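Enquirer: Please find work37.pdb (PDB, C-alpha atoms) on the next line:
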ATOM      1  CA  MET A 275     -57.828 101.958 -12.586
ATOM      2  CA  LYS A 276     -54.830 102.860 -14.750
ATOM      3  CA  SER A 277     -51.568 102.840 -12.794
ATOM      4  CA  ILE A 278     -49.767 106.169 -12.521
ATOM      5  CA  ILE A 279     -46.394 104.475 -13.181
ATOM      6  CA  ASP A 280     -45.138 101.881 -15.648
ATOM      7  CA  ASP A 281     -41.799 100.728 -17.062
ATOM      8  CA  SER A 282     -41.566 103.580 -19.588
ATOM      9  CA  PHE A 283     -42.261 106.106 -16.833
ATOM     10  CA  ILE A 284     -39.420 104.707 -14.698
ATOM     11  CA  ALA A 285     -37.047 104.548 -17.691
ATOM     12  CA  MET A 286     -37.731 108.221 -18.398
ATOM     13  CA  LEU A 287     -36.562 109.145 -14.894
ATOM     14  CA  GLU A 288     -33.370 107.076 -14.823
ATOM     15  CA  SER A 289     -31.162 109.940 -16.008
ATOM     16  CA  ARG A 290     -32.734 112.676 -13.846
ATOM     17  CA  ASP A 291     -32.165 113.807 -10.254
ATOM     18  CA  LEU A 292     -33.595 116.214  -7.714
ATOM     19  CA  HIS A 293     -31.658 119.482  -7.619
ATOM     20  CA  ILE A 294     -30.545 120.297  -4.080
ATOM     21  CA  HIS A 295     -29.458 123.951  -4.132
ATOM     22  CA  GLN A 296     -27.539 124.106  -0.883
ATOM     23  CA  PRO A 297     -25.771 121.693   1.470
ATOM     24  CA  LEU A 298     -28.166 120.189   4.016
ATOM     25  CA  ASN A 299     -27.850 117.976   7.053
ATOM     26  CA  GLY A 300     -29.103 114.397   7.020
ATOM     27  CA  LEU A 301     -28.231 110.818   7.911
ATOM     28  CA  PHE A 302     -24.903 109.277   6.965
ATOM     29  CA  GLY A 303     -24.773 106.951   3.994
ATOM     30  CA  GLY A 304     -26.289 108.944   1.124
ATOM     31  CA  ASN A 305     -25.049 110.760  -1.970
ATOM     32  CA  ARG A 306     -25.776 114.361  -0.992
ATOM     33  CA  ARG A 307     -23.210 116.986  -0.060
ATOM     34  CA  ALA A 308     -23.731 118.058   3.546
ATOM     35  CA  LYS A 309     -22.743 121.138   5.550
ATOM     36  CA  ALA A 310     -20.328 119.176   7.718
ATOM     37  CA  TYR A 311     -16.988 117.786   6.618
ATOM     38  CA  GLY A 312     -16.714 114.012   6.439
ATOM     39  CA  SER A 313     -14.871 111.054   4.984
ATOM     40  CA  SER A 314     -15.729 110.878   1.291
ATOM     41  CA  MET A 315     -13.009 110.940  -1.367
ATOM     42  CA  GLU A 316     -13.875 114.482  -2.542
ATOM     43  CA  PHE A 317     -11.469 117.110  -1.149
ATOM     44  CA  ALA A 318     -13.110 120.235   0.299
ATOM     45  CA  ASP A 319     -10.658 122.415   2.268
ATOM     46  CA  TYR A 320      -7.819 122.668   4.813
ATOM     47  CA  ARG A 321      -7.721 123.752   8.432
ATOM     48  CA  GLU A 322      -4.984 123.940  11.043
ATOM     49  CA  TYR A 323      -4.282 120.816  13.080
ATOM     50  CA  THR A 324      -5.559 120.727  16.680
ATOM     51  CA  PRO A 325      -4.584 118.073  19.268
ATOM     52  CA  GLY A 326      -6.799 114.999  18.936
ATOM     53  CA  ASP A 327      -7.272 115.269  15.148
ATOM     54  CA  ASP A 328      -6.678 112.237  12.943
ATOM     55  CA  LEU A 329      -2.944 112.248  12.116
ATOM     56  CA  ARG A 330      -3.656 110.379   8.874
ATOM     57  CA  ARG A 331      -5.278 113.517   7.457
ATOM     58  CA  ILE A 332      -2.257 115.777   7.936
ATOM     59  CA  ASP A 333      -0.914 117.138   4.651
ATOM     60  CA  TRP A 334       2.834 116.651   5.040
ATOM     61  CA  ASN A 335       3.585 118.511   1.805
ATOM     62  CA  LEU A 336       2.095 121.670   3.310
ATOM     63  CA  TYR A 337       4.056 121.063   6.492
ATOM     64  CA  ALA A 338       7.270 120.971   4.451
ATOM     65  CA  ARG A 339       6.381 124.324   2.882
ATOM     66  CA  PHE A 340       4.998 126.235   5.872
ATOM     67  CA  GLU A 341       6.287 124.260   8.875
ATOM     68  CA  LYS A 342       2.724 124.172  10.235
ATOM     69  CA  LEU A 343       0.350 121.235  10.460
ATOM     70  CA  PHE A 344      -2.755 121.387   8.254
ATOM     71  CA  LEU A 345      -5.572 118.849   8.084
ATOM     72  CA  LYS A 346      -7.248 117.781   4.848
ATOM     73  CA  LEU A 347     -11.048 118.082   4.947
ATOM     74  CA  TYR A 348     -13.368 116.059   2.734
ATOM     75  CA  VAL A 349     -16.991 116.455   1.719
ATOM     76  CA  ASP A 350     -19.460 114.607   3.934
ATOM     77  CA  GLU A 351     -22.134 112.665   2.068
ATOM     78  CA  ARG A 352     -25.524 112.343   3.737
ATOM     79  CA  GLN A 353     -28.899 110.759   3.075
ATOM     80  CA  LEU A 354     -31.626 113.396   2.934
ATOM     81  CA  HIS A 355     -35.308 112.993   3.809
ATOM     82  CA  HIS A 356     -37.669 114.698   1.346
ATOM     83  CA  ARG A 357     -41.343 115.275   2.141
ATOM     84  CA  PHE A 358     -44.052 115.598  -0.512
ATOM     85  CA  TYR A 359     -47.510 116.997   0.287
ATOM     86  CA  LEU A 360     -50.558 116.608  -1.978
ATOM     87  CA  ASP A 361     -53.757 118.625  -1.613
ATOM     88  CA  ALA A 362     -56.461 115.920  -1.467
ATOM     89  CA  SER A 363     -59.455 118.285  -1.628
ATOM     90  CA  ALA A 364     -62.283 117.883  -4.141
ATOM     91  CA  SER A 365     -61.025 120.808  -6.228
ATOM     92  CA  MET A 366     -58.009 118.704  -7.228
ATOM     93  CA  ASP A 367     -60.306 115.968  -8.567
ATOM     94  CA  TRP A 368     -61.501 118.095 -11.459
ATOM     95  CA  GLY A 369     -60.662 119.157 -15.007
ATOM     96  CA  THR A 370     -59.935 117.415 -18.286
ATOM     97  CA  PRO A 371     -57.436 115.866 -17.965
ATOM     98  CA  ASN A 372     -58.049 115.459 -14.253
ATOM     99  CA  LYS A 373     -55.702 117.514 -12.052
ATOM    100  CA  SER A 374     -55.327 114.679  -9.563
ATOM    101  CA  HIS A 375     -53.853 112.354 -12.199
ATOM    102  CA  ILE A 376     -50.916 114.586 -13.132
ATOM    103  CA  ALA A 377     -50.465 115.510  -9.443
ATOM    104  CA  ARG A 378     -50.070 111.857  -8.451
ATOM    105  CA  LYS A 379     -47.689 111.181 -11.355
ATOM    106  CA  LEU A 380     -45.545 114.085 -10.167
ATOM    107  CA  MET A 381     -45.588 112.739  -6.609
ATOM    108  CA  ALA A 382     -44.465 109.360  -7.946
ATOM    109  CA  ALA A 383     -41.686 110.943  -9.998
ATOM    110  CA  LEU A 384     -40.362 112.910  -7.018
ATOM    111  CA  GLY A 385     -40.396 109.789  -4.870
ATOM    112  CA  PHE A 386     -38.528 107.735  -7.455
ATOM    113  CA  LEU A 387     -35.880 110.426  -7.932
ATOM    114  CA  SER A 388     -35.404 110.448  -4.153
ATOM    115  CA  VAL A 389     -34.683 106.732  -3.761
ATOM    116  CA  GLN A 390     -32.607 106.690  -6.948
ATOM    117  CA  SER A 391     -30.202 109.094  -5.207
ATOM    118  CA  MET A 392     -30.231 106.971  -2.044
ATOM    119  CA  ASP A 393     -32.369 109.548  -0.222
ATOM    120  CA  ARG A 394     -35.480 108.853   1.844
ATOM    121  CA  PHE A 395     -38.933 110.380   1.342
ATOM    122  CA  SER A 396     -42.453 110.517   2.792
ATOM    123  CA  TYR A 397     -45.816 111.115   1.074
ATOM    124  CA  TYR A 398     -48.578 113.121   2.783
ATOM    125  CA  ALA A 399     -52.205 113.844   1.869
ATOM    126  CA  LEU A 400     -53.587 117.207   3.009
ATOM    127  CA  ARG A 401     -57.247 116.831   4.036
ATOM    128  CA  GLU A 402     -59.300 119.509   5.784
ATOM    129  CA  ASN A 403     -56.997 120.657   8.616
ATOM    130  CA  ARG A 404     -54.906 117.506   8.977
ATOM    131  CA  CYS A 405     -51.902 115.911   7.321
ATOM    132  CA  GLU A 406     -52.201 112.182   6.642
ATOM    133  CA  ASN A 407     -49.012 110.147   6.237
ATOM    134  CA  LEU A 408     -49.476 107.924   3.173
ATOM    135  CA  SER A 409     -46.172 106.109   3.235
ATOM    136  CA  HIS A 410     -44.183 106.701   6.431
ATOM    137  CA  THR A 411     -40.466 106.780   5.554
ATOM    138  CA  VAL A 412     -39.591 105.200   2.209
ATOM    139  CA  VAL A 413     -36.096 103.836   1.530
ATOM    140  CA  GLY A 414     -35.200 101.889  -1.608
ATOM    141  CA  ARG A 415     -37.035 100.952  -4.798
ATOM    142  CA  GLU A 416     -39.179  98.142  -3.425
ATOM    143  CA  ALA A 417     -40.632 100.453  -0.769
ATOM    144  CA  PHE A 418     -41.103 103.121  -3.451
ATOM    145  CA  TYR A 419     -43.355 100.852  -5.544
ATOM    146  CA  ASN A 420     -45.525 100.153  -2.483
ATOM    147  CA  ALA A 421     -45.812 103.879  -1.755
ATOM    148  CA  ALA A 422     -46.642 104.668  -5.394
ATOM    149  CA  ASN A 423     -49.403 102.062  -5.260
ATOM    150  CA  ASN A 424     -50.934 103.988  -2.344
ATOM    151  CA  LEU A 425     -51.086 107.044  -4.608
ATOM    152  CA  ASN A 426     -53.116 105.011  -7.111
ATOM    153  CA  HIS A 427     -55.857 104.583  -4.511
ATOM    154  CA  MET A 428     -55.944 108.130  -3.144
ATOM    155  CA  ARG A 429     -59.379 109.734  -2.768
ATOM    156  CA  PHE A 430     -60.016 113.440  -3.233
ATOM    157  CA  TYR A 431     -62.931 115.049  -1.396
ATOM    158  CA  GLY A 432     -64.011 117.940   0.820
ATOM    159  CA  GLU A 433     -61.935 121.033   1.529
ATOM    160  CA  CYS A 434     -58.333 121.574   2.585
ATOM    161  CA  ASP A 435     -56.709 124.150   4.848
ATOM    162  CA  ILE A 436     -53.076 123.746   3.796
ATOM    163  CA  GLY A 437     -51.790 126.025   6.555
ATOM    164  CA  LYS A 438     -53.467 124.188   9.426
ATOM    165  CA  ALA A 439     -52.721 120.775   7.923
ATOM    166  CA  ILE A 440     -48.967 121.265   7.621
ATOM    167  CA  ASN A 441     -48.687 123.239  10.860
ATOM    168  CA  SER A 442     -50.229 120.227  12.615
ATOM    169  CA  LEU A 443     -47.032 118.253  11.922
ATOM    170  CA  GLU A 444     -44.858 118.112  15.014
ATOM    171  CA  LYS A 445     -41.843 116.884  13.051
ATOM    172  CA  PRO A 446     -41.759 118.229   9.470
ATOM    173  CA  GLY A 447     -38.014 117.546   9.317
ATOM    174  CA  LYS A 448     -35.268 120.079   9.876
ATOM    175  CA  ASP A 449     -32.553 121.085   7.443
ATOM    176  CA  ASP A 450     -32.473 117.664   5.787
ATOM    177  CA  GLY A 451     -34.242 117.856   2.419
ATOM    178  CA  LEU A 452     -36.930 119.199   0.126
ATOM    179  CA  SER A 453     -40.546 119.938   1.037
ATOM    180  CA  VAL A 454     -42.862 120.102  -1.994
ATOM    181  CA  ILE A 455     -46.533 121.129  -1.772
ATOM    182  CA  ILE A 456     -48.726 120.196  -4.756
ATOM    183  CA  SER A 457     -52.076 122.003  -5.014
ATOM    184  CA  ASP A 458     -54.085 124.316  -7.249
ATOM    185  CA  PHE A 459     -53.799 126.976  -4.488
ATOM    186  CA  LEU A 460     -57.277 128.213  -5.465
ATOM    187  CA  THR A 461     -58.454 128.529  -1.895
ATOM    188  CA  GLU A 462     -59.628 131.098   0.613
ATOM    189  CA  TYR A 463     -57.792 129.219   3.362
ATOM    190  CA  ASP A 464     -54.334 130.219   4.504
ATOM    191  CA  TRP A 465     -51.473 128.413   2.771
ATOM    192  CA  LYS A 466     -48.711 130.954   3.400
ATOM    193  CA  SER A 467     -48.287 129.921   7.042
ATOM    194  CA  ALA A 468     -47.452 126.393   5.843
ATOM    195  CA  VAL A 469     -44.572 127.749   3.775
ATOM    196  CA  ASP A 470     -43.289 129.863   6.660
ATOM    197  CA  TYR A 471     -43.540 126.886   9.014
ATOM    198  CA  LEU A 472     -41.420 124.742   6.693
ATOM    199  CA  LEU A 473     -38.896 127.528   6.150
ATOM    200  CA  TYR A 474     -38.625 127.975   9.914
ATOM    201  CA  HIS A 475     -37.501 124.345  10.022
ATOM    202  CA  LYS A 476     -34.878 125.132   7.353
ATOM    203  CA  ARG A 477     -36.556 123.100   4.631
ATOM    204  CA  GLU A 478     -35.896 123.786   0.935
ATOM    205  CA  VAL A 479     -39.462 124.496  -0.255
ATOM    206  CA  TYR A 480     -41.185 124.227  -3.648
ATOM    207  CA  LEU A 481     -44.812 124.873  -4.545
ATOM    208  CA  ILE A 482     -46.249 123.087  -7.587
ATOM    209  CA  GLN A 483     -49.515 124.624  -8.765
ATOM    210  CA  ILE A 484     -51.664 122.459 -11.038
ATOM    211  CA  LEU A 485     -54.588 124.089 -12.857
ATOM    212  CA  SER A 486     -57.015 122.819 -15.462
ATOM    213  CA  ARG A 487     -57.166 124.441 -18.878
ATOM    214  CA  ASP A 488     -60.608 125.881 -18.028
ATOM    215  CA  GLU A 489     -59.168 127.548 -14.926
ATOM    216  CA  LEU A 490     -56.367 129.075 -16.962
ATOM    217  CA  THR A 491     -58.547 130.184 -19.902
ATOM    218  CA  PRO A 492     -62.289 129.756 -19.200
ATOM    219  CA  GLY A 493     -64.403 129.090 -22.311
ATOM    220  CA  LEU A 494     -67.882 129.451 -20.783
ATOM    221  CA  SER A 495     -70.645 131.681 -22.153
ATOM    222  CA  GLY A 496     -74.347 132.244 -21.588
ATOM    223  CA  ARG A 497     -76.367 131.432 -18.459
ATOM    224  CA  VAL A 498     -74.635 128.780 -16.345
ATOM    225  CA  PHE A 499     -74.927 127.068 -12.988
ATOM    226  CA  MET A 500     -71.511 127.030 -11.316
ATOM    227  CA  LEU A 501     -71.227 124.006  -9.035
ATOM    228  CA  ASP A 502     -68.354 124.301  -6.557
ATOM    229  CA  SER A 503     -66.447 121.002  -6.445
ATOM    230  CA  GLU A 504     -66.078 121.352  -2.658
ATOM    231  CA  SER A 505     -69.782 122.082  -1.999
ATOM    232  CA  SER A 506     -71.872 119.641   0.023
ATOM    233  CA  ASP A 507     -74.857 119.599  -2.372
ATOM    234  CA  GLU A 508     -76.570 121.675  -5.082
ATOM    235  CA  ASP A 509     -78.166 123.984  -2.500
ATOM    236  CA  ASP A 510     -74.796 124.973  -1.019
ATOM    237  CA  ILE A 511     -74.305 128.766  -1.074
ATOM    238  CA  LYS A 512     -70.974 128.233  -2.804
ATOM    239  CA  ASN A 513     -72.881 127.289  -5.969
ATOM    240  CA  GLN A 514     -74.140 130.137  -8.146
ATOM    241  CA  ARG A 515     -76.235 130.784 -11.233
ATOM    242  CA  PHE A 516     -75.211 133.731 -13.382
ATOM    243  CA  GLU A 517     -74.717 135.055 -16.887
ATOM    244  CA  VAL A 518     -71.242 134.593 -18.342
ATOM    245  CA  ASN A 519     -70.506 137.532 -20.620
ATOM    246  CA  ARG A 520     -67.439 139.510 -21.620
ATOM    247  CA  SER A 521     -67.426 141.575 -18.454
ATOM    248  CA  ALA A 522     -67.657 138.439 -16.301
ATOM    249  CA  ILE A 523     -64.785 136.818 -18.184
ATOM    250  CA  LYS A 524     -62.715 140.000 -17.825
ATOM    251  CA  ALA A 525     -63.442 140.166 -14.089
ATOM    252  CA  TYR A 526     -62.339 136.529 -13.708
ATOM    253  CA  GLU A 527     -59.142 137.127 -15.683
ATOM    254  CA  GLU A 528     -58.274 140.174 -13.556
ATOM    255  CA  ALA A 529     -58.959 138.321 -10.290
ATOM    256  CA  PHE A 530     -56.978 135.291 -11.500
ATOM    257  CA  LEU A 531     -54.027 137.466 -12.547
ATOM    258  CA  TYR A 532     -54.061 139.211  -9.154
ATOM    259  CA  HIS A 533     -54.048 135.834  -7.381
ATOM    260  CA  GLN A 534     -51.182 134.505  -9.518
ATOM    261  CA  ASN A 535     -49.095 137.650  -8.984
ATOM    262  CA  GLU A 536     -49.647 137.422  -5.231
ATOM    263  CA  LEU A 537     -48.561 133.777  -5.267
ATOM    264  CA  LYS A 538     -45.447 134.589  -7.321
ATOM    265  CA  GLN A 539     -44.451 137.614  -5.228
ATOM    266  CA  PHE A 540     -44.841 135.697  -1.980
ATOM    267  CA  CYS A 541     -42.626 132.870  -3.232
ATOM    268  CA  GLU A 542     -39.989 135.302  -4.490
ATOM    269  CA  SER A 543     -39.967 137.110  -1.142
ATOM    270  CA  ARG A 544     -39.316 133.819   0.668
ATOM    271  CA  GLY A 545     -36.871 132.280  -1.795
ATOM    272  CA  VAL A 546     -39.375 129.491  -2.510
ATOM    273  CA  GLY A 547     -39.565 127.711  -5.865
ATOM    274  CA  LEU A 548     -42.866 127.962  -7.781
ATOM    275  CA  ILE A 549     -43.929 125.858 -10.772
ATOM    276  CA  THR A 550     -47.335 126.464 -12.375
ATOM    277  CA  LEU A 551     -48.642 123.691 -14.639
ATOM    278  CA  SER A 552     -51.689 122.845 -16.696
ATOM    279  CA  SER A 553     -53.253 119.431 -16.188
ATOM    280  CA  ASP A 554     -53.006 118.884 -19.950
ATOM    281  CA  ASP A 555     -49.214 119.275 -19.901
ATOM    282  CA  SER A 556     -47.434 116.014 -20.649
ATOM    283  CA  ILE A 557     -45.365 114.507 -17.854
ATOM    284  CA  GLU A 558     -42.342 114.663 -20.187
ATOM    285  CA  ARG A 559     -42.767 118.421 -20.698
ATOM    286  CA  ILE A 560     -43.184 118.942 -16.958
ATOM    287  CA  LEU A 561     -40.102 116.947 -15.947
ATOM    288  CA  PHE A 562     -37.727 117.834 -18.767
ATOM    289  CA  MET A 563     -38.699 121.487 -19.265
ATOM    290  CA  LYS A 564     -40.703 123.218 -16.552
ATOM    291  CA  ALA A 565     -39.335 121.482 -13.457
ATOM    292  CA  THR A 566     -35.825 121.675 -14.896
ATOM    293  CA  GLU A 567     -36.140 125.365 -15.770
ATOM    294  CA  GLU A 568     -37.346 126.137 -12.253
ATOM    295  CA  GLY A 569     -34.464 124.217 -10.689
ATOM    296  CA  LEU A 570     -36.364 121.360  -9.018
ATOM    297  CA  ILE A 571     -34.979 118.623 -11.277
ATOM    298  CA  GLN A 572     -31.663 118.323 -13.051
TER     299      GLN A 572
END
How would this structure read if it were set down as structure tokens?
Expert:
Amino acid sequence: MKSIIDDSFIAMLESRDLHIHQPLNGLFGGNRRAKAYGSSMEFADYREYTPGDDLRRIDWNLYARFEKLFLKLYVDERQLHHRFYLDASASMDWGTPNKSHIARKLMAALGFLSVQSMDRFSYYALRENRCENLSHTVVGREAFYNAANNLNHMRFYGECDIGKAINSLEKPGKDDGLSVIISDFLTEYDWKSAVDYLLYHKREVYLIQILSRDELTPGLSGRVFMLDSESSDEDDIKNQRFEVNRSAIKAYEEAFLYHQNELKQFCESRGVGLITLSSDDSIERILFMKATEEGLIQ
């Protein structure tokens, strides 16, 4: 099995970083700007002195001007905890190139960018109605390589209810990092409740939709047997035989456009980032153009 990361992949990421759009809370000891004031060297603001404050932070120049005591405040730097969720259903193990391959490379890239900025992260696989922890909490490069190796051996099968899977998490983190869900989002199951659940916990949320070229622009014609990747066998009612003609292609395009517009409008209404990719996009194009344009990576 070809590894999803190598030296050139890591070198490509060295100059990039995750883009955190607003100050978040987290553990002390990281590189991220937090909501609270702290003890870094970067000046943030002043406030009036109150008894018990650190006298070393009084700005005596301001006292000379205004005859009032003011305290210097500095930016607090925290270590965030990002959480990355990958749809592990059979529909993600499909397409040429395979959707699961680019999905796992993206997961690896997000994990590396996390530890490079001294943040923590966790990988999760979404299967049926449960959320499987693939890595626990990862800190540092050595732990990252072990977690990335777990991605190499991921299996994709069955169905996935993203809403139930993520809502099953008792502790999805609160106000301390990014939550990124990677899926094709071509499902009849509820996924919107997962987004609302994460937003309720004050997570900064992104959805990354990965589709195959055939899903974006189907090239079928004639009489075909459509085998659903999540069906149990050939006799499953999900599988269908029908004639692919112009009207069928048009109906698919209209239904697909409706689905994509619904996905986009929902994300816009919630202030959630959305990146739609094709599995034949290069990882360089994804990281340096699409993810950068959408504000996930800088």
Enquirer: Please evaluate the PyMOL selection byres ((chain A and resi 420) around 12) against the structure above and give the resulting residues as a list in words.
Expert: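 That expression, the PyMOL selection byres ((chain A and resi 420) around 12), corresponds here to Ile279, Ala382, Gly385, Phe386, Tyr397, Leu408, Ser409, His410, Thr411, Val412, Val413, Gly414, Arg415, Glu416, Ala417, Phe418, Tyr419, Ala421, Ala422, Asn423, Asn424, Leu425, Asn426 and His427 of chain A.
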Enquirer: Which polymer residues, whether protein, DNA or RNA, lie within 10 Å of the coordinate (-42.7, 129.1, -7.5) when you count only C-alpha atoms? List them as a compact mmCIF listing (two decimals) with C-alpha atoms, in the coordinates of the input, using the chain letters and numbers from the file.
Expert:
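So the final result, stored in result-v6.txt, reads:
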# COMPACT_ATOMS: atom_id res chain seq x y z
CA VAL A 479 -39.46 124.50 -0.26
CA TYR A 480 -41.18 124.23 -3.65
CA LEU A 481 -44.81 124.87 -4.54
CA ILE A 482 -46.25 123.09 -7.59
CA GLN A 483 -49.52 124.62 -8.76
CA LEU A 537 -48.56 133.78 -5.27
CA LYS A 538 -45.45 134.59 -7.32
CA GLN A 539 -44.45 137.61 -5.23
CA PHE A 540 -44.84 135.70 -1.98
CA CYS A 541 -42.63 132.87 -3.23
CA GLU A 542 -39.99 135.30 -4.49
CA GLY A 545 -36.87 132.28 -1.80
CA VAL A 546 -39.38 129.49 -2.51
CA GLY A 547 -39.56 127.71 -5.86
CA LEU A 548 -42.87 127.96 -7.78
CA ILE A 549 -43.93 125.86 -10.77
CA THR A 550 -47.34 126.46 -12.38
CA GLU A 568 -37.35 126.14 -12.25
Enquirer: Select, from A:Glu322, A:Asp488, A:Asp435, A:Glu478, the residue with the minimum atom-to-atom distance to Asp554 in chain A, counting all atoms listed in the file.
Expert: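 Smallest distance to Asp554 in chain A is found for A:Asp488.
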Enquirer: Could you tell me which of A:Gln390, A:Ser365, A:Asn372, A:Ser552 comes closest to Ser289 in chain A if we count all atoms listed in the file?
Expert: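 Of A:Gln390, A:Ser365, A:Asn372, A:Ser552, the one nearest Ser289 in chain A is A:Gln390, counting all atoms listed in the file.
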Enquirer: Put a box with edges along x, y and z around all the listed atoms of range 332-338 of chain A, pad it by 5 Å on each side, then give me its centre and sizes in Å, one decimal, as JSON.
Expert:
{"center_x": 2.5, "center_y": 118.7, "center_z": 4.9, "size_x": 19.5, "size_y": 15.9, "size_z": 16.1}
Enquirer: Residue by residue, what does the PyMOL selection byres ((chain A and resi 441) around 12) grab here? Present the result as a list in words.
Expert: Leu400, Asn403, Arg404, Cys405, Asp435, Ile436, Gly437, Lys438, Ala439, Ile440, Ser442, Leu443, Glu444, Lys445, Pro446, Asp464, Trp465, Lys466, Ser467, Ala468, Val469, Asp470, Tyr471, Leu472, Leu473, Tyr474 and His475 of chain A
Enquirer: Ranking A:Tyr532, A:Phe562, A:Phe395, A:Phe459 by minimum distance to His356 in chain A and counting all atoms listed in the file, which one comes first?
Expert: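 Smallest separation from His356 in chain A among the options: A:Phe395.
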Enquirer: I need the residue nearest Lys564 in chain A from this list: A:Glu528, A:Thr461, A:Leu551, A:Pro325. Use all atoms listed in the file for the distance.
Expert: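 Among the listed residues, the smallest separation from Lys564 in chain A belongs to A:Leu551.
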Enquirer: Restricting the calculation to all atoms listed in the file: of A:Asp333, A:Glu462, A:Asp449, A:Asp361, which residue gets closest to Arg321 in chain A?
Expert: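 Of the candidates, the smallest distance to Arg321 in chain A is held by A:Asp333.
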Enquirer: How would you write, as number ranges by chain, the residues chosen by the PyMOL selection byres ((chain A and resi 456) around 6) on this structure?
Expert: A: 360, 455, 457, 482
Enquirer: In Å, rounded to a single decimal, give me how far CA of Ala383 in chain A is from CA of Arg487 in chain A.
Expert: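 CA of Ala383 in chain A lies 22.4 Å from CA of Arg487 in chain A.
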